[in-house]
Protein chains: 2
Amino acid sequence: MAQNGYRVAVVGATGAVGTTMVRVLEERRFPVRELKLLASSRSVGKQISFRGAQVSVEELTEDSFQGLDVALFSAGASVSRRFAPIAARVGCVVVDNSSAFRMDPHTPLVVPEVNPHAVRHHQGIIANPNCSTIQMVVALKPIQDAVGIQRIVVTTFQAVSGTGMKAIQELRRQVEATVKGEPLPQEVYPHQIAFNCLPHIGSFLDSGYTEEEMKMVNETRKIFEDPDIQVCATTVRVPVYYGHSESVAVEMRKPLEVQDAVALLSKAQGVQVVDDPLAGRYPMPLDAEGRDETFVGRIRKDISIPNGLVFWVVADNIRKGAATNAVQIAELLVQEGLL
Amino acid sequence: MAQNGYRVAVVGATGAVGTTMVRVLEERRFPVRELKLLASSRSVGKQISFRGAQVSVEELTEDSFQGLDVALFSAGASVSRRFAPIAARVGCVVVDNSSAFRMDPHTPLVVPEVNPHAVRHHQGIIANPNCSTIQMVVALKPIQDAVGIQRIVVTTFQAVSGTGMKAIQELRRQVEATVKGEPLPQEVYPHQIAFNCLPHIGSFLDSGYTEEEMKMVNETRKIFEDPDIQVCATTVRVPVYYGHSESVAVEMRKPLEVQDAVALLSKAQGVQVVDDPLAGRYPMPLDAEGRDETFVGRIRKDISIPNGLVFWVVADNIRKGAATNAVQIAELLVQEGLL
């Protein structure tokens, strides 16, 4: 460890994930010696509070990374594609929250509770998986380790914060307009999101799947280093501010009793089992907001196949699904002596 | 047909489904000679409009059904259990929207587009299936007929109107309170429904499934008269007023190409295919509100198994999921000369 901590940058510092990255760095007491907040020119001069001080946002340029140890990127794939290699070249390790490098074979794709070892092979850039993938693999990890996973059928209920600040505002404004009886503003999503469900996250591919759905397929295989895991995903945007929920049906390679699955999940890293439905206890996005754990409940036998398990998994998509996972990767780099 | 139409009762006439039954009887020009609106004593005297006239709500008693031809019940299972046999005994055929008789072996469970023949064997009571089952079997019917269904994995996104008028008010009041910064009222659901998802519809059973989930299993088998269809359901309440959405993954007994499935669905009775995702067209609850069709889209190959198909199905839960299906059963009784 550097004597007085690390010189850290957050790229995309004014976004929904970027501001949370700053908060999570503070909360988790990441050893920050110097914090540099980077964003596009239109955010320059904005102030973000960190450990009681106000830090000014600076413009992201090719020279921004000189002398830095680690940069957490969350400014979209095109910014990452341009600037992450520049940062890596000057020795600033990049933890990238965009999709730019996730499937690159030279870039580790890391969820610290699931495949921490992968971080060791980094070549300057480590990718943070997609939010909907992260919480699913955290919950599936003990099952994959115990009996192996054959197939996953997953349907998501994704919060608007996953789209960013403007989408949070859009839901809020649509709801306000509904209450006031005014026409609903609509800019971010192709259809009204208030009181609606949109089976559309990311662009559509020729196969009929969306990019988001294929991320869940491909990233799951890469993280588990198991190309034989079959995944069928349907990703849906719902009028929730924070917290993605997922209905997961998993076909296992060997039998696993429900109570054994519950026992494994109960001691799994990063997981909190919330599963007492008769007492009204199950994971919900409202409860997950602001938390770092992945909440698993409704754990039951899949009655439609021999070796099946069904559960409901919820996490704060901005925290565990993005900012917290990125900071955890940085912590892992510290532990492994890689910073 | 009776010379001037039929004497029709709606039981539970002031509820979310009952009021819609009256509207659908009018819209579809069901041959009503006399309309009797029945409810509990506290609704007596309320007026509901039918064909331009105001009809007064009367108290439901054991004598209410004398001289009537058909009664559409939607007042809960206990009311149905008590009064439906009384109605049937005096020759008034009951179409029951509650769960009371659905799994009774002597009671047909009918979706007119799927198993119209079943209505012929009625013994005075015909059951209307659960809302979430109806729209799923309408969409699955052409697939079952063409290649047979082995297994269904379904996750639902259910509107608050399925719970009734009070739940619609609860979502509205919670949203208003959020906008005004006031404390949120909460009476109907065990947790806040605004900006949240509740994986909890109906009571929980020892198996960990809810009653709603098991309805989708058992009713699907009964309607298709195929006890070998395996179903795994997860049912979730979402902050939507009208329209249930369902993510359905179906494993078929024989191969069926996606384009053939689309062709079959396009000509299936009661189905409207909305599937041009690149143009932003897919089924959504907001679009289904007030409609009688079952909307199917996002039709694609399940890439995780050989003979799999995935789709997204949306219908107005109060109309096709309840009131419209009940009126269609009454129309079927007329067509079959059974009234």
# chains A, B, ... in the order shown; residues from 1 in each chain; ligands from 1
>>> calpha_fit_and_write(fixed="chain B", moving="chain A", output="mmCIF file with C-alpha atoms, in the first residue's frame")
data_model
loop_
_atom_site.group_PDB
_atom_site.id
_atom_site.type_symbol
_atom_site.label_atom_id
_atom_site.label_comp_id
_atom_site.auth_asym_id
_atom_site.auth_seq_id
_atom_site.Cartn_x
_atom_site.Cartn_y
_atom_site.Cartn_z
ATOM 1 C CA MET A 1 -82.948 -17.920 -26.898
ATOM 2 C CA ALA A 2 -85.617 -16.452 -24.709
ATOM 3 C CA GLN A 3 -87.807 -14.231 -26.799
ATOM 4 C CA ASN A 4 -86.562 -10.894 -25.565
ATOM 5 C CA GLY A 5 -83.210 -11.841 -24.145
ATOM 6 C CA TYR A 6 -82.111 -13.093 -20.761
ATOM 7 C CA ARG A 7 -82.592 -12.123 -17.152
ATOM 8 C CA VAL A 8 -79.050 -11.513 -15.938
ATOM 9 C CA ALA A 9 -77.628 -10.862 -12.488
ATOM 10 C CA VAL A 10 -74.237 -9.465 -11.602
ATOM 11 C CA VAL A 11 -73.218 -10.418 -8.067
ATOM 12 C CA GLY A 12 -70.617 -8.115 -6.569
ATOM 13 C CA ALA A 13 -71.840 -5.407 -8.916
ATOM 14 C CA THR A 14 -70.019 -2.517 -7.225
ATOM 15 C CA GLY A 15 -66.557 -4.076 -7.287
ATOM 16 C CA ALA A 16 -63.770 -3.516 -9.805
ATOM 17 C CA VAL A 17 -64.778 -6.616 -11.781
ATOM 18 C CA GLY A 18 -68.544 -6.296 -11.209
ATOM 19 C CA THR A 19 -68.788 -2.758 -12.594
ATOM 20 C CA THR A 20 -66.764 -3.882 -15.596
ATOM 21 C CA MET A 21 -69.040 -6.872 -16.107
ATOM 22 C CA VAL A 22 -71.957 -4.453 -16.448
ATOM 23 C CA ARG A 23 -70.000 -2.332 -18.921
ATOM 24 C CA VAL A 24 -68.916 -5.384 -20.946
ATOM 25 C CA LEU A 25 -72.491 -6.748 -21.073
ATOM 26 C CA GLU A 26 -73.486 -3.398 -22.581
ATOM 27 C CA GLU A 27 -70.516 -3.076 -24.950
ATOM 28 C CA ARG A 28 -70.832 -6.584 -26.313
ATOM 29 C CA ARG A 29 -74.621 -6.206 -26.599
ATOM 30 C CA PHE A 30 -75.342 -9.278 -24.587
ATOM 31 C CA PRO A 31 -79.107 -9.905 -25.000
ATOM 32 C CA VAL A 32 -80.145 -8.650 -21.562
ATOM 33 C CA ARG A 33 -83.896 -8.490 -20.953
ATOM 34 C CA GLU A 34 -83.520 -7.660 -17.290
ATOM 35 C CA LEU A 35 -80.408 -6.752 -15.301
ATOM 36 C CA LYS A 36 -80.268 -7.325 -11.570
ATOM 37 C CA LEU A 37 -77.322 -5.864 -9.694
ATOM 38 C CA LEU A 38 -76.575 -7.611 -6.434
ATOM 39 C CA ALA A 39 -74.160 -6.768 -3.671
ATOM 40 C CA SER A 40 -73.884 -6.729 0.094
ATOM 41 C CA SER A 41 -76.272 -4.593 2.139
ATOM 42 C CA ARG A 42 -73.820 -1.686 2.414
ATOM 43 C CA SER A 43 -73.969 -1.116 -1.360
ATOM 44 C CA VAL A 44 -77.748 -1.204 -1.600
ATOM 45 C CA GLY A 45 -79.159 1.798 -3.414
ATOM 46 C CA LYS A 46 -75.981 2.607 -5.349
ATOM 47 C CA GLN A 47 -76.738 3.323 -8.988
ATOM 48 C CA ILE A 48 -74.856 1.818 -11.908
ATOM 49 C CA SER A 49 -75.571 2.913 -15.433
ATOM 50 C CA PHE A 50 -76.547 0.330 -18.047
ATOM 51 C CA ARG A 51 -77.705 1.253 -21.567
ATOM 52 C CA GLY A 52 -78.317 4.812 -20.522
ATOM 53 C CA ALA A 53 -80.489 3.927 -17.517
ATOM 54 C CA GLN A 54 -79.531 3.864 -13.850
ATOM 55 C CA VAL A 55 -79.920 0.474 -12.197
ATOM 56 C CA SER A 56 -80.127 0.310 -8.402
ATOM 57 C CA VAL A 57 -78.030 -2.196 -6.529
ATOM 58 C CA GLU A 58 -80.086 -4.649 -4.495
ATOM 59 C CA GLU A 59 -79.063 -6.741 -1.542
ATOM 60 C CA LEU A 60 -77.918 -10.265 -2.340
ATOM 61 C CA THR A 61 -80.154 -12.781 -0.562
ATOM 62 C CA GLU A 62 -81.063 -16.426 -0.993
ATOM 63 C CA ASP A 63 -84.153 -15.333 -2.929
ATOM 64 C CA SER A 64 -82.271 -13.139 -5.400
ATOM 65 C CA PHE A 65 -82.041 -15.719 -8.179
ATOM 66 C CA GLN A 66 -85.683 -16.724 -8.661
ATOM 67 C CA GLY A 67 -86.625 -16.316 -12.309
ATOM 68 C CA LEU A 68 -83.125 -15.412 -13.508
ATOM 69 C CA ASP A 69 -81.333 -17.120 -16.405
ATOM 70 C CA VAL A 70 -77.703 -16.406 -15.650
ATOM 71 C CA ALA A 71 -75.669 -14.792 -12.872
ATOM 72 C CA LEU A 72 -72.121 -13.508 -13.171
ATOM 73 C CA PHE A 73 -70.490 -13.747 -9.733
ATOM 74 C CA SER A 74 -67.529 -11.668 -8.641
ATOM 75 C CA ALA A 75 -67.898 -11.141 -4.916
ATOM 76 C CA GLY A 76 -65.209 -13.424 -3.522
ATOM 77 C CA ALA A 77 -65.011 -17.154 -2.887
ATOM 78 C CA SER A 78 -67.083 -17.249 0.291
ATOM 79 C CA VAL A 79 -70.039 -15.476 -1.355
ATOM 80 C CA SER A 80 -69.784 -17.858 -4.303
ATOM 81 C CA ARG A 81 -69.601 -20.910 -2.084
ATOM 82 C CA ARG A 82 -72.771 -19.842 -0.300
ATOM 83 C CA PHE A 83 -74.890 -18.386 -3.104
ATOM 84 C CA ALA A 84 -73.801 -20.046 -6.366
ATOM 85 C CA PRO A 85 -75.379 -23.426 -5.477
ATOM 86 C CA ILE A 86 -78.587 -21.612 -4.443
ATOM 87 C CA ALA A 87 -78.734 -19.865 -7.812
ATOM 88 C CA ALA A 88 -77.964 -23.064 -9.717
ATOM 89 C CA ARG A 89 -80.675 -24.912 -7.814
ATOM 90 C CA VAL A 90 -83.373 -22.538 -9.097
ATOM 91 C CA GLY A 91 -82.103 -22.833 -12.659
ATOM 92 C CA CYS A 92 -79.987 -19.713 -12.826
ATOM 93 C CA VAL A 93 -76.698 -20.699 -14.445
ATOM 94 C CA VAL A 94 -73.716 -19.248 -12.585
ATOM 95 C CA VAL A 95 -70.534 -17.980 -14.194
ATOM 96 C CA ASP A 96 -68.270 -17.644 -11.181
ATOM 97 C CA ASN A 97 -65.191 -15.457 -11.194
ATOM 98 C CA SER A 98 -64.003 -16.606 -7.772
ATOM 99 C CA SER A 99 -61.675 -19.489 -7.002
ATOM 100 C CA ALA A 100 -64.431 -21.373 -5.141
ATOM 101 C CA PHE A 101 -65.307 -23.976 -7.782
ATOM 102 C CA ARG A 102 -62.430 -23.781 -10.254
ATOM 103 C CA MET A 103 -60.799 -27.038 -9.279
ATOM 104 C CA ASP A 104 -64.072 -28.828 -8.533
ATOM 105 C CA PRO A 105 -64.173 -31.803 -10.929
ATOM 106 C CA HIS A 106 -67.859 -31.200 -11.684
ATOM 107 C CA THR A 107 -67.320 -27.546 -12.606
ATOM 108 C CA PRO A 108 -66.043 -26.642 -16.066
ATOM 109 C CA LEU A 109 -63.223 -24.080 -16.033
ATOM 110 C CA VAL A 110 -63.588 -22.215 -19.290
ATOM 111 C CA VAL A 111 -61.690 -19.815 -21.497
ATOM 112 C CA PRO A 112 -63.878 -19.558 -24.608
ATOM 113 C CA GLU A 113 -60.916 -19.304 -27.014
ATOM 114 C CA VAL A 114 -59.267 -22.345 -25.448
ATOM 115 C CA ASN A 115 -61.750 -24.984 -24.256
ATOM 116 C CA PRO A 116 -65.268 -23.882 -25.254
ATOM 117 C CA HIS A 117 -66.462 -27.498 -25.400
ATOM 118 C CA ALA A 118 -66.042 -27.813 -21.620
ATOM 119 C CA VAL A 119 -69.038 -25.562 -21.037
ATOM 120 C CA ARG A 120 -71.396 -28.292 -22.243
ATOM 121 C CA HIS A 121 -70.835 -30.437 -19.185
ATOM 122 C CA HIS A 122 -71.826 -27.811 -16.684
ATOM 123 C CA GLN A 123 -74.069 -28.641 -13.745
ATOM 124 C CA GLY A 124 -75.239 -25.123 -13.067
ATOM 125 C CA ILE A 125 -71.907 -23.508 -12.306
ATOM 126 C CA ILE A 126 -69.098 -22.615 -14.706
ATOM 127 C CA ALA A 127 -65.873 -21.233 -13.314
ATOM 128 C CA ASN A 128 -63.936 -18.334 -14.771
ATOM 129 C CA PRO A 129 -60.200 -19.002 -14.359
ATOM 130 C CA ASN A 130 -57.786 -16.794 -12.481
ATOM 131 C CA CYS A 131 -56.769 -13.650 -14.401
ATOM 132 C CA SER A 132 -53.105 -14.609 -14.717
ATOM 133 C CA THR A 133 -54.044 -18.055 -16.023
ATOM 134 C CA ILE A 134 -56.509 -16.803 -18.645
ATOM 135 C CA GLN A 135 -54.109 -14.637 -20.618
ATOM 136 C CA MET A 136 -51.380 -17.268 -20.467
ATOM 137 C CA VAL A 137 -53.543 -20.093 -21.803
ATOM 138 C CA VAL A 138 -54.982 -17.897 -24.572
ATOM 139 C CA ALA A 139 -51.405 -17.324 -25.759
ATOM 140 C CA LEU A 140 -50.354 -20.945 -25.250
ATOM 141 C CA LYS A 141 -53.380 -22.516 -26.946
ATOM 142 C CA PRO A 142 -52.003 -22.536 -30.527
ATOM 143 C CA ILE A 143 -48.677 -23.869 -29.277
ATOM 144 C CA GLN A 144 -50.296 -26.650 -27.260
ATOM 145 C CA ASP A 145 -52.393 -27.584 -30.299
ATOM 146 C CA ALA A 146 -49.442 -27.546 -32.702
ATOM 147 C CA VAL A 147 -46.646 -29.263 -30.784
ATOM 148 C CA GLY A 148 -47.706 -29.851 -27.190
ATOM 149 C CA ILE A 149 -46.333 -28.175 -24.107
ATOM 150 C CA GLN A 150 -43.938 -29.914 -21.756
ATOM 151 C CA ARG A 151 -43.084 -27.205 -19.252
ATOM 152 C CA ILE A 152 -43.834 -23.554 -18.560
ATOM 153 C CA VAL A 153 -41.727 -21.156 -16.467
ATOM 154 C CA VAL A 154 -43.730 -17.998 -15.901
ATOM 155 C CA THR A 155 -43.146 -14.807 -13.933
ATOM 156 C CA THR A 156 -45.974 -12.303 -13.634
ATOM 157 C CA PHE A 157 -46.139 -8.524 -13.243
ATOM 158 C CA GLN A 158 -49.643 -8.034 -11.825
ATOM 159 C CA ALA A 159 -51.634 -4.828 -11.579
ATOM 160 C CA VAL A 160 -53.206 -3.634 -8.324
ATOM 161 C CA SER A 161 -56.695 -3.707 -9.843
ATOM 162 C CA GLY A 162 -56.500 -7.484 -9.489
ATOM 163 C CA THR A 163 -56.816 -6.956 -5.749
ATOM 164 C CA GLY A 164 -59.847 -4.693 -6.156
ATOM 165 C CA MET A 165 -61.016 -1.098 -5.859
ATOM 166 C CA LYS A 166 -59.315 -0.509 -2.517
ATOM 167 C CA ALA A 167 -55.948 -1.496 -3.897
ATOM 168 C CA ILE A 168 -56.359 0.897 -6.830
ATOM 169 C CA GLN A 169 -57.062 3.635 -4.278
ATOM 170 C CA GLU A 170 -54.104 2.574 -2.169
ATOM 171 C CA LEU A 171 -51.620 2.909 -5.039
ATOM 172 C CA ARG A 172 -53.169 6.254 -6.000
ATOM 173 C CA ARG A 173 -52.993 7.573 -2.433
ATOM 174 C CA GLN A 174 -49.448 6.362 -1.904
ATOM 175 C CA VAL A 175 -48.369 8.095 -5.100
ATOM 176 C CA GLU A 176 -50.148 11.312 -4.084
ATOM 177 C CA ALA A 177 -48.583 11.186 -0.618
ATOM 178 C CA THR A 178 -45.143 10.719 -2.194
ATOM 179 C CA VAL A 179 -45.634 13.777 -4.394
ATOM 180 C CA LYS A 180 -46.866 15.838 -1.436
ATOM 181 C CA GLY A 181 -44.142 14.568 0.878
ATOM 182 C CA GLU A 182 -46.701 13.115 3.282
ATOM 183 C CA PRO A 183 -46.591 9.770 5.101
ATOM 184 C CA LEU A 184 -47.815 6.944 2.900
ATOM 185 C CA PRO A 185 -51.135 5.286 3.780
ATOM 186 C CA GLN A 186 -50.980 1.504 3.753
ATOM 187 C CA GLU A 187 -53.931 -0.785 4.415
ATOM 188 C CA VAL A 188 -54.452 -3.268 1.612
ATOM 189 C CA TYR A 189 -50.987 -4.658 0.978
ATOM 190 C CA PRO A 190 -48.555 -5.755 3.702
ATOM 191 C CA HIS A 191 -45.922 -3.409 2.235
ATOM 192 C CA GLN A 192 -45.832 -0.200 0.213
ATOM 193 C CA ILE A 193 -46.754 -0.938 -3.413
ATOM 194 C CA ALA A 194 -45.849 2.440 -4.950
ATOM 195 C CA PHE A 195 -42.348 2.247 -6.469
ATOM 196 C CA ASN A 196 -41.958 -1.305 -5.182
ATOM 197 C CA CYS A 197 -42.446 -4.932 -6.249
ATOM 198 C CA LEU A 198 -44.112 -7.510 -3.959
ATOM 199 C CA PRO A 199 -43.438 -11.184 -4.769
ATOM 200 C CA HIS A 200 -46.585 -12.064 -2.880
ATOM 201 C CA ILE A 201 -50.057 -12.643 -4.368
ATOM 202 C CA GLY A 202 -52.483 -14.719 -2.354
ATOM 203 C CA SER A 203 -51.548 -16.656 0.749
ATOM 204 C CA PHE A 204 -48.346 -18.620 1.126
ATOM 205 C CA LEU A 205 -48.513 -22.399 1.243
ATOM 206 C CA ASP A 206 -46.111 -24.712 3.083
ATOM 207 C CA SER A 207 -44.323 -25.417 -0.202
ATOM 208 C CA GLY A 208 -43.212 -21.786 -0.401
ATOM 209 C CA TYR A 209 -45.514 -21.152 -3.349
ATOM 210 C CA THR A 210 -48.449 -18.774 -3.142
ATOM 211 C CA GLU A 211 -52.039 -19.677 -3.900
ATOM 212 C CA GLU A 212 -51.819 -17.480 -7.005
ATOM 213 C CA GLU A 213 -48.802 -19.416 -8.261
ATOM 214 C CA MET A 214 -50.527 -22.765 -7.743
ATOM 215 C CA LYS A 215 -53.620 -21.499 -9.551
ATOM 216 C CA MET A 216 -51.436 -21.033 -12.620
ATOM 217 C CA VAL A 217 -50.204 -24.625 -12.280
ATOM 218 C CA ASN A 218 -53.502 -26.359 -11.609
ATOM 219 C CA GLU A 219 -55.840 -24.272 -13.749
ATOM 220 C CA THR A 220 -53.543 -24.533 -16.777
ATOM 221 C CA ARG A 221 -53.609 -28.328 -16.552
ATOM 222 C CA LYS A 222 -57.376 -28.415 -16.118
ATOM 223 C CA ILE A 223 -58.112 -26.033 -18.998
ATOM 224 C CA PHE A 224 -55.822 -27.909 -21.406
ATOM 225 C CA GLU A 225 -57.023 -31.262 -19.987
ATOM 226 C CA ASP A 226 -53.356 -32.212 -19.830
ATOM 227 C CA PRO A 227 -52.058 -33.170 -16.371
ATOM 228 C CA ASP A 228 -48.547 -33.654 -17.799
ATOM 229 C CA ILE A 229 -47.926 -29.957 -18.400
ATOM 230 C CA GLN A 230 -45.367 -28.861 -15.831
ATOM 231 C CA VAL A 231 -45.619 -25.277 -14.580
ATOM 232 C CA CYS A 232 -43.355 -23.206 -12.363
ATOM 233 C CA ALA A 233 -44.831 -19.801 -11.523
ATOM 234 C CA THR A 234 -43.641 -16.718 -9.662
ATOM 235 C CA THR A 235 -46.345 -14.089 -9.221
ATOM 236 C CA VAL A 236 -45.454 -10.503 -8.399
ATOM 237 C CA ARG A 237 -47.497 -7.378 -7.695
ATOM 238 C CA VAL A 238 -46.178 -4.241 -9.410
ATOM 239 C CA PRO A 239 -47.248 -0.567 -9.221
ATOM 240 C CA VAL A 240 -49.437 -0.693 -12.322
ATOM 241 C CA TYR A 241 -53.182 0.061 -12.215
ATOM 242 C CA TYR A 242 -54.537 -2.139 -15.014
ATOM 243 C CA GLY A 243 -53.005 -4.920 -17.080
ATOM 244 C CA HIS A 244 -51.072 -8.003 -16.053
ATOM 245 C CA SER A 245 -47.825 -8.767 -17.874
ATOM 246 C CA GLU A 246 -46.205 -12.191 -17.981
ATOM 247 C CA SER A 247 -42.786 -13.422 -18.996
ATOM 248 C CA VAL A 248 -43.341 -16.952 -20.299
ATOM 249 C CA ALA A 249 -40.706 -19.550 -21.215
ATOM 250 C CA VAL A 250 -42.275 -22.645 -22.713
ATOM 251 C CA GLU A 251 -40.587 -25.964 -23.422
ATOM 252 C CA MET A 252 -42.393 -27.719 -26.245
ATOM 253 C CA ARG A 253 -42.751 -31.424 -26.947
ATOM 254 C CA LYS A 254 -41.721 -30.991 -30.569
ATOM 255 C CA PRO A 255 -39.773 -28.305 -32.453
ATOM 256 C CA LEU A 256 -41.554 -25.149 -33.538
ATOM 257 C CA GLU A 257 -39.764 -22.378 -35.395
ATOM 258 C CA VAL A 258 -40.249 -18.844 -34.129
ATOM 259 C CA GLN A 259 -41.805 -17.667 -37.392
ATOM 260 C CA ASP A 260 -44.263 -20.571 -37.269
ATOM 261 C CA ALA A 261 -45.174 -19.686 -33.690
ATOM 262 C CA VAL A 262 -45.721 -16.074 -34.742
ATOM 263 C CA ALA A 263 -47.919 -17.232 -37.639
ATOM 264 C CA LEU A 264 -49.987 -19.442 -35.334
ATOM 265 C CA LEU A 265 -50.369 -16.706 -32.741
ATOM 266 C CA SER A 266 -51.290 -14.149 -35.392
ATOM 267 C CA LYS A 267 -54.363 -16.105 -36.359
ATOM 268 C CA ALA A 268 -55.205 -17.382 -32.887
ATOM 269 C CA GLN A 269 -58.566 -16.366 -31.485
ATOM 270 C CA GLY A 270 -58.417 -13.543 -28.979
ATOM 271 C CA VAL A 271 -54.716 -12.911 -29.573
ATOM 272 C CA GLN A 272 -53.149 -9.795 -30.996
ATOM 273 C CA VAL A 273 -49.462 -10.109 -31.825
ATOM 274 C CA VAL A 274 -47.591 -6.866 -31.058
ATOM 275 C CA ASP A 275 -44.047 -7.731 -31.965
ATOM 276 C CA ASP A 276 -41.963 -5.201 -33.806
ATOM 277 C CA PRO A 277 -39.403 -4.372 -31.131
ATOM 278 C CA LEU A 278 -37.077 -2.413 -33.434
ATOM 279 C CA ALA A 279 -40.002 -0.025 -33.948
ATOM 280 C CA GLY A 280 -40.591 0.049 -30.183
ATOM 281 C CA ARG A 281 -43.677 -2.144 -30.455
ATOM 282 C CA TYR A 282 -44.272 -4.768 -27.784
ATOM 283 C CA PRO A 283 -47.180 -5.366 -25.416
ATOM 284 C CA MET A 284 -47.445 -3.070 -22.394
ATOM 285 C CA PRO A 285 -50.084 -2.879 -19.656
ATOM 286 C CA LEU A 286 -50.889 0.777 -20.432
ATOM 287 C CA ASP A 287 -51.834 -0.209 -23.994
ATOM 288 C CA ALA A 288 -53.857 -3.222 -22.869
ATOM 289 C CA GLU A 289 -56.050 -1.198 -20.511
ATOM 290 C CA GLY A 290 -59.667 -1.245 -21.659
ATOM 291 C CA ARG A 291 -59.013 -3.874 -24.342
ATOM 292 C CA ASP A 292 -60.332 -7.420 -24.611
ATOM 293 C CA GLU A 293 -57.505 -8.993 -26.605
ATOM 294 C CA THR A 294 -54.526 -10.850 -25.196
ATOM 295 C CA PHE A 295 -51.390 -9.130 -26.512
ATOM 296 C CA VAL A 296 -48.316 -11.234 -27.285
ATOM 297 C CA GLY A 297 -44.870 -10.004 -28.227
ATOM 298 C CA ARG A 298 -41.127 -10.439 -27.665
ATOM 299 C CA ILE A 299 -41.633 -13.850 -29.297
ATOM 300 C CA ARG A 300 -38.226 -15.479 -29.629
ATOM 301 C CA LYS A 301 -36.370 -18.753 -29.446
ATOM 302 C CA ASP A 302 -35.363 -19.868 -25.979
ATOM 303 C CA ILE A 303 -31.620 -20.104 -26.528
ATOM 304 C CA SER A 304 -31.139 -22.208 -23.400
ATOM 305 C CA ILE A 305 -32.915 -25.402 -24.564
ATOM 306 C CA PRO A 306 -33.627 -27.125 -27.898
ATOM 307 C CA ASN A 307 -37.421 -26.763 -28.150
ATOM 308 C CA GLY A 308 -38.020 -23.564 -26.265
ATOM 309 C CA LEU A 309 -39.991 -20.438 -26.979
ATOM 310 C CA VAL A 310 -40.108 -17.254 -24.911
ATOM 311 C CA PHE A 311 -42.692 -14.507 -25.069
ATOM 312 C CA TRP A 312 -44.282 -11.607 -23.195
ATOM 313 C CA VAL A 313 -48.044 -11.578 -22.796
ATOM 314 C CA VAL A 314 -50.223 -8.717 -21.540
ATOM 315 C CA ALA A 315 -53.965 -8.394 -21.020
ATOM 316 C CA ASP A 316 -56.360 -6.201 -19.089
ATOM 317 C CA ASN A 317 -56.796 -8.325 -15.973
ATOM 318 C CA ILE A 318 -60.197 -6.846 -15.158
ATOM 319 C CA ARG A 319 -61.533 -7.375 -18.682
ATOM 320 C CA LYS A 320 -60.088 -10.474 -20.404
ATOM 321 C CA GLY A 321 -58.774 -11.662 -17.044
ATOM 322 C CA ALA A 322 -62.221 -11.501 -15.435
ATOM 323 C CA ALA A 323 -65.274 -9.579 -16.708
ATOM 324 C CA THR A 324 -64.895 -10.116 -20.454
ATOM 325 C CA ASN A 325 -64.109 -13.803 -20.068
ATOM 326 C CA ALA A 326 -67.206 -14.224 -17.874
ATOM 327 C CA VAL A 327 -69.429 -12.465 -20.420
ATOM 328 C CA GLN A 328 -67.850 -14.553 -23.209
ATOM 329 C CA ILE A 329 -68.800 -17.680 -21.251
ATOM 330 C CA ALA A 330 -72.374 -16.384 -21.045
ATOM 331 C CA GLU A 331 -72.313 -15.749 -24.815
ATOM 332 C CA LEU A 332 -71.065 -19.296 -25.307
ATOM 333 C CA LEU A 333 -73.944 -20.602 -23.208
ATOM 334 C CA VAL A 334 -76.309 -18.704 -25.500
ATOM 335 C CA GLN A 335 -74.667 -20.058 -28.661
ATOM 336 C CA GLU A 336 -74.749 -23.586 -27.316
ATOM 337 C CA GLY A 337 -78.406 -23.257 -26.365
ATOM 338 C CA LEU A 338 -77.541 -23.829 -22.728
ATOM 339 C CA LEU A 339 -79.295 -20.812 -21.244
#
>>> select_by_dssp(residues="segment 74-270 of chain A", states="alpha helix (DSSP H)", output="ChimeraX atom specification")
/A:77-89,131-147,165-180,211-224,258-266
>>> select_by_dssp(residues="segment 32-233 of chain B", states="strand (DSSP E)", output="ChimeraX atom specification")
/B:32-39,47-50,53-59,70-73,93-96,125-127,149-158,230-233
>>> decode(residues="segment 275-279 of chain A", atoms="N, CA, C and O atoms", output="PDB file, in the first residue's frame")
ATOM      1  N   ASP A 275     -36.324 -14.633   4.005  1.00  0.00           N
ATOM      2  CA  ASP A 275     -37.217 -15.667   3.499  1.00  0.00           C
ATOM      3  C   ASP A 275     -38.095 -16.225   4.610  1.00  0.00           C
ATOM      4  O   ASP A 275     -37.917 -17.349   5.057  1.00  0.00           O
ATOM      5  N   ASP A 276     -39.027 -15.414   5.037  1.00  0.00           N
ATOM      6  CA  ASP A 276     -40.020 -15.868   5.997  1.00  0.00           C
ATOM      7  C   ASP A 276     -41.375 -15.349   5.505  1.00  0.00           C
ATOM      8  O   ASP A 276     -41.962 -14.430   6.074  1.00  0.00           O
ATOM      9  N   PRO A 277     -41.841 -15.924   4.380  1.00  0.00           N
ATOM     10  CA  PRO A 277     -42.996 -15.339   3.705  1.00  0.00           C
ATOM     11  C   PRO A 277     -44.260 -15.312   4.580  1.00  0.00           C
ATOM     12  O   PRO A 277     -45.044 -14.367   4.471  1.00  0.00           O
ATOM     13  N   LEU A 278     -44.433 -16.295   5.447  1.00  0.00           N
ATOM     14  CA  LEU A 278     -45.634 -16.291   6.291  1.00  0.00           C
ATOM     15  C   LEU A 278     -45.642 -15.075   7.213  1.00  0.00           C
ATOM     16  O   LEU A 278     -46.694 -14.601   7.628  1.00  0.00           O
ATOM     17  N   ALA A 279     -44.449 -14.553   7.520  1.00  0.00           N
ATOM     18  CA  ALA A 279     -44.356 -13.328   8.319  1.00  0.00           C
ATOM     19  C   ALA A 279     -44.258 -12.090   7.414  1.00  0.00           C
ATOM     20  O   ALA A 279     -43.948 -10.997   7.884  1.00  0.00           O
TER      21      ALA A 279
END
